[in-house]
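my_file-v8.cif, holding mmCIF, C-alpha atoms and all ligand atoms:
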data_work
#
loop_
_atom_site.group_PDB
_atom_site.id
_atom_site.type_symbol
_atom_site.label_atom_id
_atom_site.label_comp_id
_atom_site.auth_asym_id
_atom_site.auth_seq_id
_atom_site.Cartn_x
_atom_site.Cartn_y
_atom_site.Cartn_z
ATOM 1 C CA MET A 1 -10.338 -25.312 26.992
ATOM 2 C CA SER A 2 -12.250 -22.182 27.456
ATOM 3 C CA GLU A 3 -15.468 -21.391 25.672
ATOM 4 C CA LYS A 4 -13.782 -18.384 24.078
ATOM 5 C CA GLU A 5 -11.393 -20.566 22.015
ATOM 6 C CA HIS A 6 -14.310 -22.346 20.276
ATOM 7 C CA LYS A 7 -16.119 -19.199 19.325
ATOM 8 C CA VAL A 8 -16.619 -18.682 15.612
ATOM 9 C CA SER A 9 -16.988 -15.117 14.507
ATOM 10 C CA ARG A 10 -19.898 -14.029 12.359
ATOM 11 C CA ARG A 11 -17.461 -13.357 9.509
ATOM 12 C CA GLN A 12 -15.943 -16.866 9.749
ATOM 13 C CA PHE A 13 -19.376 -18.457 9.892
ATOM 14 C CA LEU A 14 -20.451 -16.609 6.754
ATOM 15 C CA THR A 15 -17.205 -17.517 4.955
ATOM 16 C CA TYR A 16 -17.566 -21.243 5.754
ATOM 17 C CA THR A 17 -21.238 -21.296 4.855
ATOM 18 C CA LEU A 18 -20.851 -19.452 1.555
ATOM 19 C CA THR A 19 -17.820 -21.564 0.578
ATOM 20 C CA GLY A 20 -19.724 -24.766 1.286
ATOM 21 C CA VAL A 21 -22.853 -23.676 -0.572
ATOM 22 C CA GLY A 22 -20.793 -22.285 -3.478
ATOM 23 C CA GLY A 23 -18.812 -25.516 -3.809
ATOM 24 C CA PHE A 24 -21.988 -27.587 -3.731
ATOM 25 C CA MET A 25 -23.577 -25.456 -6.450
ATOM 26 C CA ALA A 26 -20.435 -25.523 -8.606
ATOM 27 C CA ALA A 27 -20.323 -29.332 -8.386
ATOM 28 C CA GLY A 28 -23.999 -29.487 -9.333
ATOM 29 C CA ILE A 29 -23.308 -27.431 -12.460
ATOM 30 C CA MET A 30 -20.008 -29.051 -13.466
ATOM 31 C CA MET A 31 -21.024 -32.721 -13.112
ATOM 32 C CA PRO A 32 -23.605 -32.782 -15.946
ATOM 33 C CA MET A 33 -21.295 -30.701 -18.165
ATOM 34 C CA ALA A 34 -18.388 -33.101 -17.642
ATOM 35 C CA ARG A 35 -20.614 -36.099 -18.291
ATOM 36 C CA PHE A 36 -22.025 -34.464 -21.442
ATOM 37 C CA ALA A 37 -18.501 -33.786 -22.733
ATOM 38 C CA LEU A 38 -17.148 -37.250 -22.029
ATOM 39 C CA ASP A 39 -20.182 -39.420 -22.808
ATOM 40 C CA PRO A 40 -19.376 -40.321 -26.465
ATOM 41 C CA ALA A 41 -15.783 -41.160 -25.574
ATOM 42 C CA LEU A 42 -16.921 -43.485 -22.808
ATOM 43 C CA LYS A 43 -19.474 -45.389 -24.871
ATOM 44 C CA ALA A 44 -18.412 -49.018 -25.103
ATOM 45 C CA GLY A 45 -17.720 -50.544 -28.521
ATOM 46 C CA ALA A 46 -17.913 -47.310 -30.480
ATOM 47 C CA GLU A 47 -14.428 -47.774 -31.897
ATOM 48 C CA SER A 48 -14.731 -51.343 -33.158
ATOM 49 C CA GLU A 49 -17.236 -51.061 -36.006
ATOM 50 C CA THR A 50 -17.028 -53.334 -39.032
ATOM 51 C CA ALA A 51 -18.845 -53.143 -42.357
ATOM 52 C CA TYR A 52 -20.098 -55.960 -44.588
ATOM 53 C CA VAL A 53 -18.441 -55.891 -48.007
ATOM 54 C CA CYS A 54 -19.187 -59.096 -49.919
ATOM 55 C CA GLU A 55 -19.480 -62.880 -49.772
ATOM 56 C CA LEU A 56 -16.269 -64.873 -49.552
ATOM 57 C CA SER A 57 -17.491 -66.986 -52.487
ATOM 58 C CA GLN A 58 -17.444 -63.900 -54.749
ATOM 59 C CA LEU A 59 -13.704 -63.408 -54.330
ATOM 60 C CA THR A 60 -10.958 -64.463 -56.710
ATOM 61 C CA GLU A 61 -7.295 -63.576 -56.992
ATOM 62 C CA GLU A 62 -8.339 -60.694 -59.230
ATOM 63 C CA PRO A 63 -8.997 -57.475 -57.270
ATOM 64 C CA GLN A 64 -12.683 -56.477 -57.449
ATOM 65 C CA LEU A 65 -14.138 -53.179 -56.309
ATOM 66 C CA PHE A 66 -16.965 -53.475 -53.752
ATOM 67 C CA PRO A 67 -18.907 -50.539 -52.309
ATOM 68 C CA PHE A 68 -19.826 -50.618 -48.622
ATOM 69 C CA THR A 69 -21.287 -48.275 -46.022
ATOM 70 C CA TYR A 70 -20.701 -47.906 -42.321
ATOM 71 C CA LYS A 71 -22.038 -45.751 -39.524
ATOM 72 C CA GLN A 72 -19.740 -42.999 -38.372
ATOM 73 C CA THR A 73 -20.213 -41.374 -34.998
ATOM 74 C CA ASP A 74 -18.639 -37.970 -34.693
ATOM 75 C CA ALA A 75 -19.228 -36.960 -31.092
ATOM 76 C CA TRP A 76 -23.069 -36.916 -30.990
ATOM 77 C CA TYR A 77 -23.622 -36.889 -34.749
ATOM 78 C CA GLU A 78 -24.150 -40.240 -36.477
ATOM 79 C CA SER A 79 -24.032 -40.573 -40.268
ATOM 80 C CA ASP A 80 -23.732 -43.217 -43.003
ATOM 81 C CA VAL A 81 -20.436 -43.113 -44.870
ATOM 82 C CA SER A 82 -20.008 -44.732 -48.298
ATOM 83 C CA GLU A 83 -16.621 -46.199 -49.211
ATOM 84 C CA SER A 84 -15.291 -48.899 -51.496
ATOM 85 C CA ALA A 85 -12.467 -51.396 -51.375
ATOM 86 C CA TYR A 86 -10.601 -53.624 -53.789
ATOM 87 C CA VAL A 87 -10.948 -57.087 -52.299
ATOM 88 C CA MET A 88 -9.097 -60.223 -53.430
ATOM 89 C CA LEU A 89 -7.743 -63.553 -52.302
ATOM 90 C CA VAL A 90 -4.023 -63.861 -51.639
ATOM 91 C CA GLY A 91 -3.576 -67.561 -50.991
ATOM 92 C CA ASP A 92 -6.051 -68.302 -48.186
ATOM 93 C CA GLU A 93 -6.072 -64.729 -46.963
ATOM 94 C CA VAL A 94 -8.446 -61.935 -47.925
ATOM 95 C CA LEU A 95 -6.807 -58.619 -48.794
ATOM 96 C CA ALA A 96 -8.938 -55.438 -48.883
ATOM 97 C CA LEU A 97 -7.289 -52.313 -50.264
ATOM 98 C CA SER A 98 -8.384 -48.713 -50.262
ATOM 99 C CA PRO A 99 -8.755 -47.389 -53.832
ATOM 100 C CA LYS A 100 -7.394 -44.015 -52.714
ATOM 101 C CA CYS A 101 -4.000 -43.258 -54.262
ATOM 102 C CA THR A 102 -1.376 -42.611 -51.593
ATOM 103 C CA HIS A 103 0.141 -39.815 -53.674
ATOM 104 C CA LEU A 104 -2.615 -37.189 -53.609
ATOM 105 C CA GLY A 105 -5.778 -39.194 -53.086
ATOM 106 C CA CYS A 106 -7.210 -39.813 -56.567
ATOM 107 C CA GLN A 107 -9.056 -43.074 -57.166
ATOM 108 C CA VAL A 108 -6.968 -45.902 -58.625
ATOM 109 C CA GLY A 109 -8.354 -48.541 -60.962
ATOM 110 C CA PHE A 110 -7.170 -52.089 -61.423
ATOM 111 C CA GLY A 111 -6.239 -53.071 -64.971
ATOM 112 C CA THR A 112 -7.359 -49.727 -66.389
ATOM 113 C CA ASN A 113 -4.037 -49.004 -68.118
ATOM 114 C CA ASP A 114 -3.495 -51.196 -71.193
ATOM 115 C CA GLU A 115 0.277 -51.098 -70.768
ATOM 116 C CA HIS A 116 0.059 -52.413 -67.180
ATOM 117 C CA PRO A 117 -3.049 -54.621 -67.083
ATOM 118 C CA GLU A 118 -2.039 -56.413 -63.850
ATOM 119 C CA GLN A 119 -1.505 -53.250 -61.829
ATOM 120 C CA PHE A 120 -3.470 -50.528 -60.079
ATOM 121 C CA TYR A 121 -3.218 -47.326 -62.063
ATOM 122 C CA CYS A 122 -3.838 -43.766 -60.960
ATOM 123 C CA PRO A 123 -4.818 -41.461 -63.848
ATOM 124 C CA CYS A 124 -3.954 -38.238 -62.013
ATOM 125 C CA HIS A 125 -0.151 -38.448 -62.176
ATOM 126 C CA PHE A 126 0.312 -41.952 -63.620
ATOM 127 C CA GLY A 127 0.996 -43.619 -60.274
ATOM 128 C CA ARG A 128 1.076 -47.395 -60.285
ATOM 129 C CA PHE A 129 0.829 -50.188 -57.686
ATOM 130 C CA ASP A 130 1.294 -53.914 -58.145
ATOM 131 C CA LYS A 131 -1.585 -56.354 -57.743
ATOM 132 C CA GLN A 132 -1.243 -56.344 -53.940
ATOM 133 C CA GLY A 133 -1.137 -52.565 -53.762
ATOM 134 C CA ILE A 134 2.609 -52.099 -53.387
ATOM 135 C CA ASN A 135 3.782 -48.872 -55.031
ATOM 136 C CA ILE A 136 5.928 -49.248 -58.145
ATOM 137 C CA ALA A 137 9.318 -47.540 -57.947
ATOM 138 C CA ASN A 138 9.773 -44.374 -60.006
ATOM 139 C CA THR A 139 6.071 -43.515 -59.996
ATOM 140 C CA PRO A 140 4.712 -40.697 -57.775
ATOM 141 C CA PRO A 141 3.251 -42.739 -54.857
ATOM 142 C CA THR A 142 5.875 -43.379 -52.195
ATOM 143 C CA ARG A 143 3.991 -45.959 -50.156
ATOM 144 C CA PRO A 144 1.566 -48.859 -50.708
ATOM 145 C CA LEU A 145 -2.207 -48.515 -50.869
ATOM 146 C CA ASP A 146 -3.794 -48.503 -47.416
ATOM 147 C CA ALA A 147 -5.509 -51.727 -46.362
ATOM 148 C CA TYR A 148 -8.515 -52.591 -44.230
ATOM 149 C CA GLU A 149 -8.564 -55.043 -41.367
ATOM 150 C CA VAL A 150 -10.596 -57.997 -42.625
ATOM 151 C CA THR A 151 -12.728 -60.509 -40.769
ATOM 152 C CA VAL A 152 -14.615 -63.393 -42.356
ATOM 153 C CA GLU A 153 -17.623 -64.803 -40.518
ATOM 154 C CA ASP A 154 -20.086 -67.336 -41.918
ATOM 155 C CA GLY A 155 -18.764 -66.706 -45.411
ATOM 156 C CA LYS A 156 -19.246 -62.948 -45.131
ATOM 157 C CA VAL A 157 -16.325 -60.568 -45.593
ATOM 158 C CA ASN A 158 -16.283 -57.539 -43.292
ATOM 159 C CA VAL A 159 -13.809 -54.705 -43.124
ATOM 160 C CA GLY A 160 -12.779 -52.739 -40.056
ATOM 161 C CA GLN A 161 -10.128 -50.118 -39.455
ATOM 162 C CA ILE A 162 -8.054 -48.838 -42.345
ATOM 163 C CA TYR A 163 -4.280 -48.883 -41.819
ATOM 164 C CA ARG A 164 -1.039 -47.876 -43.508
ATOM 165 C CA ARG A 165 1.265 -50.639 -44.683
HETATM 166 S S1 LIG A 201 -2.768 -38.843 -57.033
HETATM 167 FE FE1 LIG A 201 -2.249 -40.777 -57.782
HETATM 168 S S2 LIG A 201 -0.384 -40.467 -58.750
HETATM 169 FE FE2 LIG A 201 -0.876 -38.547 -57.960
#

Could I get this file's structure written as structure tokens?
Amino acid sequence: MSEKEHKVSRRQFLTYTLTGVGGFMAAGIMMPMARFALDPALKAGAESETAYVCELSQLTEEPQLFPFTYKQTDAWYESDVSESAYVMLVGDEVLALSPKCTHLGCQVGFGTNDEHPEQFYCPCHFGRFDKQGINIANTPPTRPLDAYEVTVEDGKVNVGQIYRR
């Protein structure tokens, strides 16, 4: 091989050098931005929060409304959210229901309608649900009340994710 074949022109040298330096600088800028954008999503355990609701010994087969709070992380913003749930025993199981009507979101009450004392009643459009939150036919709600995942540890009832039934 002759020496001429290995020669790099001034223009090529500048192109290679500027491309290399430019790429290095771009990576230096992009890496922290990508990490900043993805950091909350990569945090371990962020999705599996539970909230204490009540003692197991407080529960009966009659639905009772318990308030609870949990921490909500929305990207980098953390806040306390207040909710409530109707919690009851169904056999040996604990059932925790959202009090939010599945029609248009008003709050239901248990036993608040004298004509249907053993049902959840929604005053907004007269929606009704049976004792376990199943919607009554021919009333506005078309699906059961949402329920919370429940865990019981050391006699303490905790709720997790809410889900549709
Ligand atoms: S919001 Fe409950 S029946 Fe309409």

Residues selected by the PyMOL selection byres (((chain A and resi 109) around 10) and not hetatm), written as a PyMOL selection string = chain A and resi 63-65+86+99-101+106-108+110-113+119-123+128-129

Output C-alpha atoms for every residue in the selection just made, as a PDB file, in the frame of the given file.
ATOM      1  CA  PRO A  63      -8.997 -57.475 -57.270  1.00  0.00           C
ATOM      2  CA  GLN A  64     -12.683 -56.477 -57.449  1.00  0.00           C
ATOM      3  CA  LEU A  65     -14.138 -53.179 -56.309  1.00  0.00           C
ATOM      4  CA  TYR A  86     -10.601 -53.624 -53.789  1.00  0.00           C
ATOM      5  CA  PRO A  99      -8.755 -47.389 -53.832  1.00  0.00           C
ATOM      6  CA  LYS A 100      -7.394 -44.015 -52.714  1.00  0.00           C
ATOM      7  CA  CYS A 101      -4.000 -43.258 -54.262  1.00  0.00           C
ATOM      8  CA  CYS A 106      -7.210 -39.813 -56.567  1.00  0.00           C
ATOM      9  CA  GLN A 107      -9.056 -43.074 -57.166  1.00  0.00           C
ATOM     10  CA  VAL A 108      -6.968 -45.902 -58.625  1.00  0.00           C
ATOM     11  CA  PHE A 110      -7.170 -52.089 -61.423  1.00  0.00           C
ATOM     12  CA  GLY A 111      -6.239 -53.071 -64.971  1.00  0.00           C
ATOM     13  CA  THR A 112      -7.359 -49.727 -66.389  1.00  0.00           C
ATOM     14  CA  ASN A 113      -4.037 -49.004 -68.118  1.00  0.00           C
ATOM     15  CA  GLN A 119      -1.505 -53.250 -61.829  1.00  0.00           C
ATOM     16  CA  PHE A 120      -3.470 -50.528 -60.079  1.00  0.00           C
ATOM     17  CA  TYR A 121      -3.218 -47.326 -62.063  1.00  0.00           C
ATOM     18  CA  CYS A 122      -3.838 -43.766 -60.960  1.00  0.00           C
ATOM     19  CA  PRO A 123      -4.818 -41.461 -63.848  1.00  0.00           C
ATOM     20  CA  ARG A 128       1.076 -47.395 -60.285  1.00  0.00           C
ATOM     21  CA  PHE A 129       0.829 -50.188 -57.686  1.00  0.00           C
TER      22      PHE A 129
END

Point-to-point distance from CA of Thr142 in chain A to CA of Gly105 in chain A, Å rounded to tenths | 12.4 Å

Name the residues in contact with Glu61 in chain A at a cut-off of 10 Å, using only C-alpha atoms, excluding same-chain residues fewer than 2 positions from it; report them as a count of residues only.
-> 12

For Asn135 in chain A, the closest of A:Gln72, A:Val159, A:His103, A:Pro117 counting all atoms listed in the file is A:His103

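The closest residue to Gly155 in chain A, picked from A:Ile134, A:Val21, A:Cys54, A:Leu97 and counting all atoms listed in the file, is A:Cys54.
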
Give me the box for ligand LIG 201 (chain A) as JSON, namely the centre and edge lengths in Å to one decimal of a box along x, y and z that holds every listed atom plus 6 Å on each side.
{"center_x": -1.6, "center_y": -39.7, "center_z": -57.9, "size_x": 14.4, "size_y": 14.2, "size_z": 13.7}

To one decimal place, how far is CA of Asp146 in chain A from CA of Arg164 in chain A in Å?
-> 4.8 Å

Local residues around (-4.0, -52.6, -40.1), at most 9 Å away, using all atoms listed in the file, as a count of residues only | 11

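CA of Pro67 in chain A is found 22.5 Å from CA of Gly127 in chain A.
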
Set the distance at 8 Å and use only C-alpha atoms: which residues neighbour Thr69 in chain A once local chain neighbours fewer than 5 positions away are removed? I'd like the list as a CSV table (one decimal) with C-alpha atoms, in the coordinates of the input.
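Dumped everything to selection_26.csv:
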chain,number,residue,atom,x,y,z
A,51,ALA,CA,-18.8,-53.1,-42.4
A,52,TYR,CA,-20.1,-56.0,-44.6
A,80,ASP,CA,-23.7,-43.2,-43.0
A,81,VAL,CA,-20.4,-43.1,-44.9
A,82,SER,CA,-20.0,-44.7,-48.3
A,83,GLU,CA,-16.6,-46.2,-49.2

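Distances here use all atoms listed in the file; by that measure, the residue among A:Pro141, A:Gly133, A:Ser84, A:Trp76 closest to Thr102 in chain A is A:Pro141.
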
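Of the listed residues A:Phe68, A:Tyr16, A:Tyr77, A:Phe126, the one whose atoms come nearest to Val157 in chain A is A:Phe68, with distances taken using only C-alpha atoms.
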
With all atoms listed in the file as the basis for distance, which of A:Leu145, A:Leu104, A:Ile136, A:Val152 is at the shortest distance from ligand LIG 201 (chain A)?
->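 That would be A:Leu104, the residue with the smallest distance to ligand LIG 201 (chain A).
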
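The residue that comes closest to ligand LIG 201 (chain A), out of A:Gln12, A:Ser79, A:Thr19, A:Thr139 and on the basis of all atoms listed in the file, is A:Thr139.
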